[in-house]
Amino acid sequence: MTRQEAEILLSTSFKIDSFYDEQWETIEKLLNKERVLLIEKTGFGKSLCFQFPAIIFEGTTVVFSPLIALMRDQVKKLNSLGISAKCINSEQTQEENAQIINEAKKGEIKILYIAPERQENTEWIEATRLINLSMLVIDEAHCISVWGHDFRPSFRRIINLVNLLPNDLPILATTATATNKVELDIARQMRGNLTVIRGSLLRNNLRLFVVKVNSEDEKLIWLGKNIEKIGGSGLLYTGTRVDTEIYCRWFTHLNIKSIGYNAGLDSESRISIENGLINNDWKCVVSTNALGMGIDKPDIRFIIHTQIPQSPIHYYQEIGRAGRDGKAAYIILFYNPEDRKLPEAFIEGGRPPVSKYEKVIDLLKTEMLGLRDITRKMNCKQTPIEIIIADLLDQKIILKNSKNKYELKTNAPQLDSEIFEELRNIKHNDLDKMIEYVETDQSRMKFLCDYLGDNSITEFNNCDNTGLKKIIVETSSEWQERLQAFRENYFPKLDVEAVKTNLINGIAASYYGFPNVGDAIHRSKYGNAGDYPDFLLKLTLQAFRKKFGQEVFDIILYVPSTKSGDLVKNFAIKISQVLKFPISHDLIKIKQTQEQRILENKYLKTDNVKNAFLFKVPDEIKGKSILLIDDIIDSGATIKEIGKHLTNLGAAKIAPLIIAKTVKGDVL
Amino acid sequence: MNKDASYWIAIAHLPRWGYLKINSLIVNFYHENKLSPEEFFQLNKQDWRTIYNLDDNQINDLVQAKADLPNNAFLAESLYNDGYELISITSPDYSKTLKSNLKTSHSPSLLYVKGNNKILNKQSIAIVGSRNASERSLEFTDNISKLASLDKKVVVSGFAKGVDKQALDSAIKYSGQSIIVLPQGISTFSVGFKAYYKQIVNGDVLVLSTFPAKATWKSELAIARNPIIYGLSEEIYIAESGEKGGTWSGAIDGLKRNRRIFVRNPEADEKVANKLLIKKGAIPVDFNGNQIELNRKVNSIESNNQTQEQLKLPL
């Protein structure tokens, strides 16, 4: 097929007149059954490079993509052009996915998107026996490389598949962000006859600014004063989930429309926020870096980071989502020297000690275990277990079988911990590079392009070092007061609602991490300072009013204590006296439990409190609304267990009211 | 991981070809013409016809096999992911004992294994016998398994009830090594992989199958599996055989191939067909596996004739 012929087909089937040269170069190779790694910036039109040949090939093109939002967008677009495309992902029901697999088996789907994690799904494995595969596409191919910024273990299997496929099956790997090192690593792993096509990464419609500040207050104040002045809508990236909540509430406090987003949300909420973003429902979406990859919104007008990302490549990728329509977009990075502590903590805390790795290996010597079994047996948090498992998989010491159990491999190699050190050094270097980006007095865009291996020589004038006016933060006493007022009215929400219980979301007076509150609780609990001080009572009552207004509860219960004697009881009595709700002392503990705080993960915490509570006089609470009081909430396992028990006894509503919420479980 | 696995799956399971035709083709392109399977599949129909003397049906089979390659790749990937290995007949890991016992005509072209594949090339014995073996036979099995284990020989068995299972469990009990030869596809054995997980992980047990990975148990497969057990072993011990069934037909088949087959010399009161096998040329052994010399000479002359006769039977 000549380019001319192809472009005629392109205009009839995709309503696009012509290809860019690099698009056609890629397509020609794929039509010729070759393998291509395509590195092009966001918005270049990488998808067309596989969508076009896919409609020419007989059979089904399978696209591995980690980005569910992107899959949805592309499927919608293709279907509107009359091209049969579907996706298989975790947001659809099992029945929906099974139906799609069925259609694929019958050859009714031209382009099938699938999330890499779904390779473990047995129906999918079944389908692959019958599907007529015409081409394989690996989107976000940088996830293949451990040297990349976003290595994903589920991509390991894709590489194995690539190496097993016949070499005349066309394969396209695409990414917008690959350094030279990552490019070489992907090429090495994909073996075979691979052509690399790399385009320019320059985005001159992005206006890059760095704002140096000395405190969190300065960030909040500048944003409060200025965000409405930036045209259009955009994204505000924070470092942690807690921060998304704080920034979001600050905007609400100032009547600026915003919404929080993080990976912990259910898929329905995520989809609705993504749609709202596209429809400009808010001035900004405040999010962790979970949002955005692959969202097809051409007119994101600003992307602001309140926290420095881990590396220039993370940063390039995150800001790449702005201004895909080619019009100007504002890219602002706040930097307080204190901020480097968070990514540093991630790097330092990134890998558990080698002894824990050895313990997991030992556990797997005698039986195959699931993630949950391992987590229970290890008594450590789930994240480090996940890291250990990913590393052991990567080093081919263990495997994850199709029943989702981990097995130790026969004749497994020894654990190589030196590579951890190497990866850690690379991450420190990346972070140093990111700080260099902040400190540079040269073109910021050139800095990013150089870092990404695009050394083309161009004139840059799109940052605050090359002609744009620098942003300086000025605070005023008026804004300081507004911030103070906001802080005094700030109460963390408790998301404990669950199906099958009548527990509702409650509220806490503060985060345990806010110094005055944490210290006060600690002094009473562990320092014999007597009852909780009155300011905590006042704060807790304010939280109650904020959440529940003048609502009347039938009865107050409190969580019987493991360690702290009558502290919670006395606190609850005082609450009961002020609110004038009767209090009952009949919720008791019937099983010796450990202190929840010494247990490291949610499974152990849940086990620890299971069947540990009893309410002695069930008749008193049947059909009643209950205010349930405790001092600290961490995983929420205790509250949920009590909620379950009280629900079983017939309580109509159980609302938790807590003095302080820990932030441990909230960090990304 | 064998990057040619998809091709080997395609070749090994060419429908109705049989081991002889498949292996001859492999010898032809791989050893004589020095082509990788990938290169072989890139040839056109004309080359297949003229260079390899294949007829239209065979060429059609190859065209279909080629179309299945991507599907095989998915399958191979999921097998590797689950810790299985695929060993082609051209691989240095392939059991030399198996190849030399079964030759081109009967050696399976592809082995699916899980566990310590190094024991495929260690000295090995098979212990076989009935599913409903007597206590005596099981004690014999236990003892032979023990002696083999002390002698660092690998015990090969078929994971059937009775003697097979005893041979395996005894090898494990005496810290020996063992190969389980499956009468089914390797990915349908999850219960066994769970039960013998520890031994597989520490390298004492290897599970092996020659059938398509997802094939479920069938009596034909159980019968087809027996020659593999014999083929993988340098010595064959029969604890107990009836006058028909898998043990009997396997033993007769082995004798046909002039294999030395040792049979437990039964007591006078036992209603087993061991004596009959001895008459047909099998070698009687005592509880410790030592040959009972006296009777052997007489029987072997006698049995040679019998074996010849047996050969004429349409087995």
# chains A, B, ... in the order shown; residues from 1 in each chain; ligands from 1
call {"tool": "interface_residues", "arguments": {"of": "chain B", "to": "chain A", "cutoff": "8 Å", "atoms": "only C-alpha atoms", "output": "list of chain:residue names"}}
result
B:Lys3, B:Asp4, B:Ala5, B:Ser6, B:Glu38, B:Leu69, B:Pro70, B:Asn71, B:Asn72, B:Ala73, B:Phe74, B:Leu75, B:Ala76, B:Glu77, B:Ser78, B:Asn81, B:Asp82, B:Gly83, B:Gly115, B:Asn116, B:Lys194, B:Tyr197, B:Lys198, B:Ile200, B:Val201, B:Asn202, B:Gly203
call {"tool": "residues_around", "arguments": {"residues": "Tyr335 (chain A)", "least_positions_apart": "5", "cutoff": "9 Å", "atoms": "only C-alpha atoms", "output": "VMD selection string"}}
result
chain A and resid 210 to 214 219 305 to 308 340 435 438
call {"tool": "write_last_selection", "arguments": {"atoms": "N, CA and C atoms", "output": "PDB file, in the first residue's frame"}}
result
ATOM      1  N   VAL A 210       8.735  28.201  37.983  1.00  0.00           N
ATOM      2  CA  VAL A 210       9.039  27.587  39.275  1.00  0.00           C
ATOM      3  C   VAL A 210       8.824  28.660  40.326  1.00  0.00           C
ATOM      4  N   VAL A 211       8.093  28.321  41.364  1.00  0.00           N
ATOM      5  CA  VAL A 211       7.816  29.303  42.417  1.00  0.00           C
ATOM      6  C   VAL A 211       8.469  28.835  43.706  1.00  0.00           C
ATOM      7  N   LYS A 212       9.479  29.574  44.133  1.00  0.00           N
ATOM      8  CA  LYS A 212      10.157  29.180  45.376  1.00  0.00           C
ATOM      9  C   LYS A 212       9.424  29.770  46.573  1.00  0.00           C
ATOM     10  N   VAL A 213       9.143  28.940  47.538  1.00  0.00           N
ATOM     11  CA  VAL A 213       8.432  29.403  48.736  1.00  0.00           C
ATOM     12  C   VAL A 213       9.143  28.886  49.976  1.00  0.00           C
ATOM     13  N   ASN A 214       8.711  29.390  51.139  1.00  0.00           N
ATOM     14  CA  ASN A 214       9.343  28.947  52.379  1.00  0.00           C
ATOM     15  C   ASN A 214       8.407  28.179  53.291  1.00  0.00           C
ATOM     16  N   LYS A 219       2.222  28.542  49.678  1.00  0.00           N
ATOM     17  CA  LYS A 219       1.604  27.866  48.522  1.00  0.00           C
ATOM     18  C   LYS A 219       0.088  28.084  48.553  1.00  0.00           C
ATOM     19  N   HIS A 305       2.069  21.894  40.477  1.00  0.00           N
ATOM     20  CA  HIS A 305       2.547  20.906  41.454  1.00  0.00           C
ATOM     21  C   HIS A 305       2.837  21.613  42.774  1.00  0.00           C
ATOM     22  N   THR A 306       2.227  21.136  43.848  1.00  0.00           N
ATOM     23  CA  THR A 306       2.560  21.709  45.160  1.00  0.00           C
ATOM     24  C   THR A 306       3.719  20.943  45.777  1.00  0.00           C
ATOM     25  N   GLN A 307       4.077  19.852  45.146  1.00  0.00           N
ATOM     26  CA  GLN A 307       5.163  19.023  45.677  1.00  0.00           C
ATOM     27  C   GLN A 307       6.055  18.614  44.518  1.00  0.00           C
ATOM     28  N   ILE A 308       7.337  18.641  44.750  1.00  0.00           N
ATOM     29  CA  ILE A 308       8.283  18.334  43.685  1.00  0.00           C
ATOM     30  C   ILE A 308       8.202  16.843  43.324  1.00  0.00           C
ATOM     31  N   ARG A 340      11.853  18.344  49.559  1.00  0.00           N
ATOM     32  CA  ARG A 340      12.577  17.183  49.048  1.00  0.00           C
ATOM     33  C   ARG A 340      12.535  16.024  50.040  1.00  0.00           C
ATOM     34  N   ILE A 435      15.836  18.794  41.354  1.00  0.00           N
ATOM     35  CA  ILE A 435      16.187  20.023  42.092  1.00  0.00           C
ATOM     36  C   ILE A 435      16.976  20.956  41.148  1.00  0.00           C
ATOM     37  N   VAL A 438      14.744  23.001  39.249  1.00  0.00           N
ATOM     38  CA  VAL A 438      14.245  24.139  40.028  1.00  0.00           C
ATOM     39  C   VAL A 438      15.270  25.266  40.032  1.00  0.00           C
TER      40      VAL A 438
END
call {"tool": "residues_around", "arguments": {"residues": "region 482-496 of chain A", "least_positions_apart": "2", "cutoff": "6 Å", "atoms": "only C-alpha atoms", "output": "ChimeraX atom specification"}}
result
/A:479-480,505-510,543
call {"tool": "write_last_selection", "arguments": {"atoms": "C-alpha atoms", "output": "short mmCIF file (atom, residue, chain, number, x, y, z; two decimals), in the first residue's frame"}}
result
data_model
loop_
_atom_site.label_atom_id
_atom_site.label_comp_id
_atom_site.auth_asym_id
_atom_site.auth_seq_id
_atom_site.Cartn_x
_atom_site.Cartn_y
_atom_site.Cartn_z
CA TRP A 479 -4.64 36.14 53.83
CA GLN A 480 -2.87 34.77 56.91
CA ASN A 505 -19.01 8.09 57.52
CA GLY A 506 -18.00 10.03 60.59
CA ILE A 507 -15.63 12.81 61.48
CA ALA A 508 -12.45 13.44 63.44
CA ALA A 509 -11.46 16.59 65.25
CA SER A 510 -8.02 16.63 63.73
CA ALA A 543 -16.26 18.63 64.39
#
call {"tool": "closest_residue", "arguments": {"among": "A:Arg207, A:Lys76, A:Lys580, A:Arg35", "to": "Leu468 (chain A)", "atoms": "only C-alpha atoms"}}
result
A:Arg207
call {"tool": "select_by_dssp", "arguments": {"residues": "region 332-562 of chain A", "states": "alpha helix (DSSP H)", "output": "PyMOL selection string"}}
result
chain A and resi 341-348+354-366+371-378+382-394+418-439+444-451+477-488+515-526+534-548
call {"tool": "residues_around", "arguments": {"residues": "Cys143 (chain A)", "least_positions_apart": "4", "cutoff": "7 Å", "atoms": "only C-alpha atoms", "output": "ChimeraX atom specification"}}
result
/A:148,150-152,155
call {"tool": "write_last_selection", "arguments": {"atoms": "all heavy atoms", "output": "CSV table (one decimal), in the first residue's frame"}}
result
chain,number,residue,atom,x,y,z
A,148,GLY,N,13.0,2.9,34.1
A,148,GLY,CA,12.1,3.9,33.8
A,148,GLY,C,11.5,4.5,35.1
A,148,GLY,O,11.8,4.0,36.2
A,150,ASP,N,8.3,4.4,35.8
A,150,ASP,CA,7.1,3.9,36.2
A,150,ASP,C,7.1,2.4,35.8
A,150,ASP,O,6.2,1.9,35.1
A,150,ASP,CB,6.0,4.6,35.4
A,150,ASP,CG,4.6,4.2,35.9
A,150,ASP,OD1,4.5,3.7,37.0
A,150,ASP,OD2,3.6,4.4,35.1
A,151,PHE,N,8.1,1.7,36.3
A,151,PHE,CA,8.1,0.2,36.0
A,151,PHE,C,6.9,-0.5,36.6
A,151,PHE,O,6.5,-0.2,37.7
A,151,PHE,CB,9.4,-0.3,36.6
A,151,PHE,CG,9.4,-1.8,36.7
A,151,PHE,CD1,9.5,-2.5,35.5
A,151,PHE,CD2,9.3,-2.5,37.8
A,151,PHE,CE1,9.5,-3.9,35.5
A,151,PHE,CE2,9.3,-3.9,37.9
A,151,PHE,CZ,9.4,-4.6,36.7
A,152,ARG,N,6.3,-1.3,35.8
A,152,ARG,CA,5.2,-2.1,36.3
A,152,ARG,C,5.4,-3.6,36.1
A,152,ARG,O,5.6,-4.0,35.0
A,152,ARG,CB,3.9,-1.7,35.6
A,152,ARG,CG,3.6,-0.2,35.8
A,152,ARG,CD,2.2,0.1,35.3
A,152,ARG,NE,2.0,1.5,35.5
A,152,ARG,CZ,0.8,2.1,35.5
A,152,ARG,NH1,-0.3,1.3,35.5
A,152,ARG,NH2,0.7,3.4,35.7
A,155,PHE,N,4.0,-5.7,33.2
A,155,PHE,CA,4.6,-5.6,31.9
A,155,PHE,C,5.6,-6.7,31.6
A,155,PHE,O,6.0,-6.9,30.5
A,155,PHE,CB,5.2,-4.2,31.6
A,155,PHE,CG,4.2,-3.2,31.2
A,155,PHE,CD1,3.2,-2.8,32.0
A,155,PHE,CD2,4.3,-2.7,29.9
A,155,PHE,CE1,2.3,-1.9,31.6
A,155,PHE,CE2,3.3,-1.8,29.5
A,155,PHE,CZ,2.3,-1.3,30.3
call {"tool": "closest_residue", "arguments": {"among": "B:Glu293, B:Glu234, B:Glu39, B:Asp164", "to": "Gly254 (chain B)", "atoms": "only C-alpha atoms"}}
result
B:Glu234
call {"tool": "atom_distance", "arguments": {"atom1": "CA of His253 (chain A)", "atom2": "CA of Lys546 (chain A)"}}
result
13.4 Å
call {"tool": "residues_around", "arguments": {"residues": "region 172-175 of chain B", "least_positions_apart": "5", "cutoff": "12 Å", "atoms": "only C-alpha atoms", "output": "JSON, numbers by chain"}}
result
{"B": [142, 143, 144, 145, 146, 147, 148, 149, 150, 151, 152, 153, 154, 155, 156, 165, 166, 167, 180, 196, 198, 199, 200, 202, 203, 204, 205, 206]}
call {"tool": "write_last_selection", "arguments": {"atoms": "C-alpha atoms", "output": "tab-separated table (two decimals), in the first residue's frame"}}
result
chain	number	residue	atom	x	y	z
B	142	ASP	CA	9.19	-49.26	49.29
B	143	ASN	CA	12.38	-51.23	49.58
B	144	ILE	CA	13.47	-50.82	45.95
B	145	SER	CA	12.69	-47.12	46.16
B	146	LYS	CA	14.78	-46.91	49.32
B	147	LEU	CA	17.74	-48.72	47.77
B	148	ALA	CA	17.57	-46.54	44.66
B	149	SER	CA	17.39	-43.39	46.77
B	150	LEU	CA	20.40	-44.45	48.85
B	151	ASP	CA	22.15	-45.13	45.56
B	152	LYS	CA	21.27	-41.60	44.33
B	153	LYS	CA	19.14	-42.96	41.52
B	154	VAL	CA	16.02	-41.13	40.46
B	155	VAL	CA	12.77	-43.07	40.88
B	156	VAL	CA	10.39	-42.70	37.90
B	165	LYS	CA	2.28	-43.68	44.45
B	166	GLN	CA	4.25	-45.89	46.86
B	167	ALA	CA	7.39	-45.56	44.71
B	180	ILE	CA	6.29	-38.11	38.07
B	196	TYR	CA	4.31	-32.02	46.21
B	198	LYS	CA	7.87	-28.57	48.82
B	199	GLN	CA	9.67	-31.39	47.03
B	200	ILE	CA	9.33	-29.67	43.66
B	202	ASN	CA	13.69	-28.12	46.81
B	203	GLY	CA	14.57	-29.97	43.63
B	204	ASP	CA	13.65	-33.53	44.59
B	205	VAL	CA	10.64	-33.97	42.33
B	206	LEU	CA	10.18	-33.29	38.65
call {"tool": "atom_distance", "arguments": {"atom1": "CA of Ala328 (chain A)", "atom2": "CA of Trp282 (chain A)"}}
result
19.3 Å
call {"tool": "atom_distance", "arguments": {"atom1": "CA of Gly45 (chain A)", "atom2": "CA of Ser267 (chain A)"}}
result
27.1 Å
call {"tool": "select_by_dssp", "arguments": {"residues": "region 27-145 of chain B", "states": "strand (DSSP E)", "output": "ChimeraX atom specification"}}
result
/B:85-88,110-115,124-129
call {"tool": "write_last_selection", "arguments": {"atoms": "N, CA and C atoms", "output": "PDB file, in the first residue's frame"}}
result
ATOM      1  N   GLU B  85       8.390 -25.626  32.232  1.00  0.00           N
ATOM      2  CA  GLU B  85       9.405 -25.464  31.193  1.00  0.00           C
ATOM      3  C   GLU B  85       9.045 -26.360  30.032  1.00  0.00           C
ATOM      4  N   LEU B  86       9.480 -25.950  28.853  1.00  0.00           N
ATOM      5  CA  LEU B  86       9.253 -26.759  27.659  1.00  0.00           C
ATOM      6  C   LEU B  86      10.620 -27.192  27.143  1.00  0.00           C
ATOM      7  N   ILE B  87      10.816 -28.494  27.035  1.00  0.00           N
ATOM      8  CA  ILE B  87      12.116 -29.010  26.606  1.00  0.00           C
ATOM      9  C   ILE B  87      11.932 -29.757  25.290  1.00  0.00           C
ATOM     10  N   SER B  88      12.507 -29.216  24.232  1.00  0.00           N
ATOM     11  CA  SER B  88      12.351 -29.882  22.936  1.00  0.00           C
ATOM     12  C   SER B  88      13.386 -30.994  22.814  1.00  0.00           C
ATOM     13  N   LEU B 110       8.504 -33.141  22.452  1.00  0.00           N
ATOM     14  CA  LEU B 110       8.495 -32.018  23.398  1.00  0.00           C
ATOM     15  C   LEU B 110       8.107 -32.519  24.790  1.00  0.00           C
ATOM     16  N   LEU B 111       8.869 -32.104  25.796  1.00  0.00           N
ATOM     17  CA  LEU B 111       8.528 -32.443  27.184  1.00  0.00           C
ATOM     18  C   LEU B 111       8.069 -31.177  27.900  1.00  0.00           C
ATOM     19  N   TYR B 112       6.992 -31.299  28.636  1.00  0.00           N
ATOM     20  CA  TYR B 112       6.555 -30.211  29.517  1.00  0.00           C
ATOM     21  C   TYR B 112       6.943 -30.631  30.922  1.00  0.00           C
ATOM     22  N   VAL B 113       7.706 -29.813  31.605  1.00  0.00           N
ATOM     23  CA  VAL B 113       8.135 -30.228  32.945  1.00  0.00           C
ATOM     24  C   VAL B 113       7.973 -29.085  33.946  1.00  0.00           C
ATOM     25  N   LYS B 114       7.941 -29.470  35.211  1.00  0.00           N
ATOM     26  CA  LYS B 114       8.050 -28.486  36.288  1.00  0.00           C
ATOM     27  C   LYS B 114       8.860 -29.116  37.408  1.00  0.00           C
ATOM     28  N   GLY B 115       9.827 -28.379  37.906  1.00  0.00           N
ATOM     29  CA  GLY B 115      10.693 -28.906  38.955  1.00  0.00           C
ATOM     30  C   GLY B 115      12.134 -28.891  38.503  1.00  0.00           C
ATOM     31  N   SER B 124      18.522 -43.534  36.656  1.00  0.00           N
ATOM     32  CA  SER B 124      17.116 -43.613  37.046  1.00  0.00           C
ATOM     33  C   SER B 124      16.569 -45.038  36.986  1.00  0.00           C
ATOM     34  N   ILE B 125      15.593 -45.296  37.827  1.00  0.00           N
ATOM     35  CA  ILE B 125      14.872 -46.567  37.751  1.00  0.00           C
ATOM     36  C   ILE B 125      13.379 -46.294  37.765  1.00  0.00           C
ATOM     37  N   ALA B 126      12.629 -47.203  37.143  1.00  0.00           N
ATOM     38  CA  ALA B 126      11.173 -47.098  37.226  1.00  0.00           C
ATOM     39  C   ALA B 126      10.663 -48.220  38.105  1.00  0.00           C
ATOM     40  N   ILE B 127       9.673 -47.926  38.926  1.00  0.00           N
ATOM     41  CA  ILE B 127       8.996 -48.989  39.660  1.00  0.00           C
ATOM     42  C   ILE B 127       7.531 -48.890  39.285  1.00  0.00           C
ATOM     43  N   VAL B 128       6.995 -49.965  38.727  1.00  0.00           N
ATOM     44  CA  VAL B 128       5.606 -49.916  38.278  1.00  0.00           C
ATOM     45  C   VAL B 128       4.845 -51.116  38.818  1.00  0.00           C
ATOM     46  N   GLY B 129       3.540 -51.047  38.726  1.00  0.00           N
ATOM     47  CA  GLY B 129       2.724 -52.157  39.201  1.00  0.00           C
ATOM     48  C   GLY B 129       1.275 -51.765  39.322  1.00  0.00           C
TER      49      GLY B 129
END
call {"tool": "residues_around", "arguments": {"residues": "Ala141 (chain A)", "least_positions_apart": "4", "cutoff": "6 Å", "atoms": "only C-alpha atoms", "output": "ChimeraX atom specification"}}
result
/A:173-175
call {"tool": "write_last_selection", "arguments": {"atoms": "N, CA and C atoms", "output": "JSON list (two decimals), in the first residue's frame"}}
result
[["chain", "number", "residue", "atom", "x", "y", "z"],
["A", 173, "ALA", "N", 5.51, -0.72, 20.11],
["A", 173, "ALA", "CA", 5.62, -0.26, 21.49],
["A", 173, "ALA", "C", 5.68, 1.25, 21.44],
["A", 174, "THR", "N", 4.85, 1.93, 22.26],
["A", 174, "THR", "CA", 4.87, 3.40, 22.22],
["A", 174, "THR", "C", 5.07, 3.99, 23.60],
["A", 175, "THR", "N", 5.71, 5.13, 23.64],
["A", 175, "THR", "CA", 5.82, 5.88, 24.88],
["A", 175, "THR", "C", 6.13, 7.33, 24.55]]
call {"tool": "residues_around", "arguments": {"residues": "Lys359 (chain A)", "least_positions_apart": "4", "cutoff": "12 Å", "atoms": "only C-alpha atoms", "output": "ChimeraX atom specification"}}
result
/A:352-355,363-365,374-375,377-380,385,388-389,392,415
call {"tool": "decode", "arguments": {"residues": "region 315-327 of chain A", "atoms": "N, CA, C and O atoms", "output": "PDB file, in the first residue's frame"}}
result
ATOM      1  N   TYR A 315       8.058  14.515  35.934  1.00  0.00           N
ATOM      2  CA  TYR A 315       7.524  15.852  35.752  1.00  0.00           C
ATOM      3  C   TYR A 315       7.110  16.082  34.308  1.00  0.00           C
ATOM      4  O   TYR A 315       6.017  16.557  34.026  1.00  0.00           O
ATOM      5  N   TYR A 316       7.987  15.682  33.384  1.00  0.00           N
ATOM      6  CA  TYR A 316       7.671  15.877  31.961  1.00  0.00           C
ATOM      7  C   TYR A 316       6.381  15.151  31.609  1.00  0.00           C
ATOM      8  O   TYR A 316       5.526  15.650  30.900  1.00  0.00           O
ATOM      9  N   GLN A 317       6.257  13.937  32.139  1.00  0.00           N
ATOM     10  CA  GLN A 317       5.057  13.173  31.808  1.00  0.00           C
ATOM     11  C   GLN A 317       3.806  13.830  32.396  1.00  0.00           C
ATOM     12  O   GLN A 317       2.779  13.929  31.742  1.00  0.00           O
ATOM     13  N   GLU A 318       3.923  14.288  33.641  1.00  0.00           N
ATOM     14  CA  GLU A 318       2.733  14.873  34.278  1.00  0.00           C
ATOM     15  C   GLU A 318       2.321  16.191  33.617  1.00  0.00           C
ATOM     16  O   GLU A 318       1.135  16.436  33.397  1.00  0.00           O
ATOM     17  N   ILE A 319       3.293  17.021  33.249  1.00  0.00           N
ATOM     18  CA  ILE A 319       2.916  18.297  32.636  1.00  0.00           C
ATOM     19  C   ILE A 319       2.532  18.113  31.169  1.00  0.00           C
ATOM     20  O   ILE A 319       1.848  18.946  30.590  1.00  0.00           O
ATOM     21  N   GLY A 320       2.926  16.976  30.616  1.00  0.00           N
ATOM     22  CA  GLY A 320       2.615  16.700  29.212  1.00  0.00           C
ATOM     23  C   GLY A 320       1.123  16.626  28.951  1.00  0.00           C
ATOM     24  O   GLY A 320       0.669  16.684  27.814  1.00  0.00           O
ATOM     25  N   ARG A 321       0.353  16.484  30.026  1.00  0.00           N
ATOM     26  CA  ARG A 321      -1.097  16.376  29.852  1.00  0.00           C
ATOM     27  C   ARG A 321      -1.735  17.738  29.558  1.00  0.00           C
ATOM     28  O   ARG A 321      -2.900  17.806  29.173  1.00  0.00           O
ATOM     29  N   ALA A 322      -0.982  18.808  29.756  1.00  0.00           N
ATOM     30  CA  ALA A 322      -1.557  20.146  29.551  1.00  0.00           C
ATOM     31  C   ALA A 322      -1.411  20.580  28.100  1.00  0.00           C
ATOM     32  O   ALA A 322      -0.484  20.175  27.409  1.00  0.00           O
ATOM     33  N   GLY A 323      -2.359  21.392  27.669  1.00  0.00           N
ATOM     34  CA  GLY A 323      -2.242  22.072  26.374  1.00  0.00           C
ATOM     35  C   GLY A 323      -2.062  21.173  25.180  1.00  0.00           C
ATOM     36  O   GLY A 323      -1.302  21.490  24.270  1.00  0.00           O
ATOM     37  N   ARG A 324      -2.764  20.061  25.164  1.00  0.00           N
ATOM     38  CA  ARG A 324      -2.610  19.175  24.006  1.00  0.00           C
ATOM     39  C   ARG A 324      -3.220  19.765  22.747  1.00  0.00           C
ATOM     40  O   ARG A 324      -2.974  19.287  21.650  1.00  0.00           O
ATOM     41  N   ASP A 325      -4.028  20.842  22.922  1.00  0.00           N
ATOM     42  CA  ASP A 325      -4.597  21.513  21.751  1.00  0.00           C
ATOM     43  C   ASP A 325      -3.597  22.481  21.125  1.00  0.00           C
ATOM     44  O   ASP A 325      -3.901  23.173  20.157  1.00  0.00           O
ATOM     45  N   GLY A 326      -2.398  22.577  21.718  1.00  0.00           N
ATOM     46  CA  GLY A 326      -1.370  23.438  21.144  1.00  0.00           C
ATOM     47  C   GLY A 326      -1.443  24.877  21.647  1.00  0.00           C
ATOM     48  O   GLY A 326      -0.553  25.679  21.395  1.00  0.00           O
ATOM     49  N   LYS A 327      -2.516  25.193  22.391  1.00  0.00           N
ATOM     50  CA  LYS A 327      -2.608  26.559  22.929  1.00  0.00           C
ATOM     51  C   LYS A 327      -1.846  26.650  24.242  1.00  0.00           C
ATOM     52  O   LYS A 327      -1.557  25.633  24.875  1.00  0.00           O
TER      53      LYS A 327
END
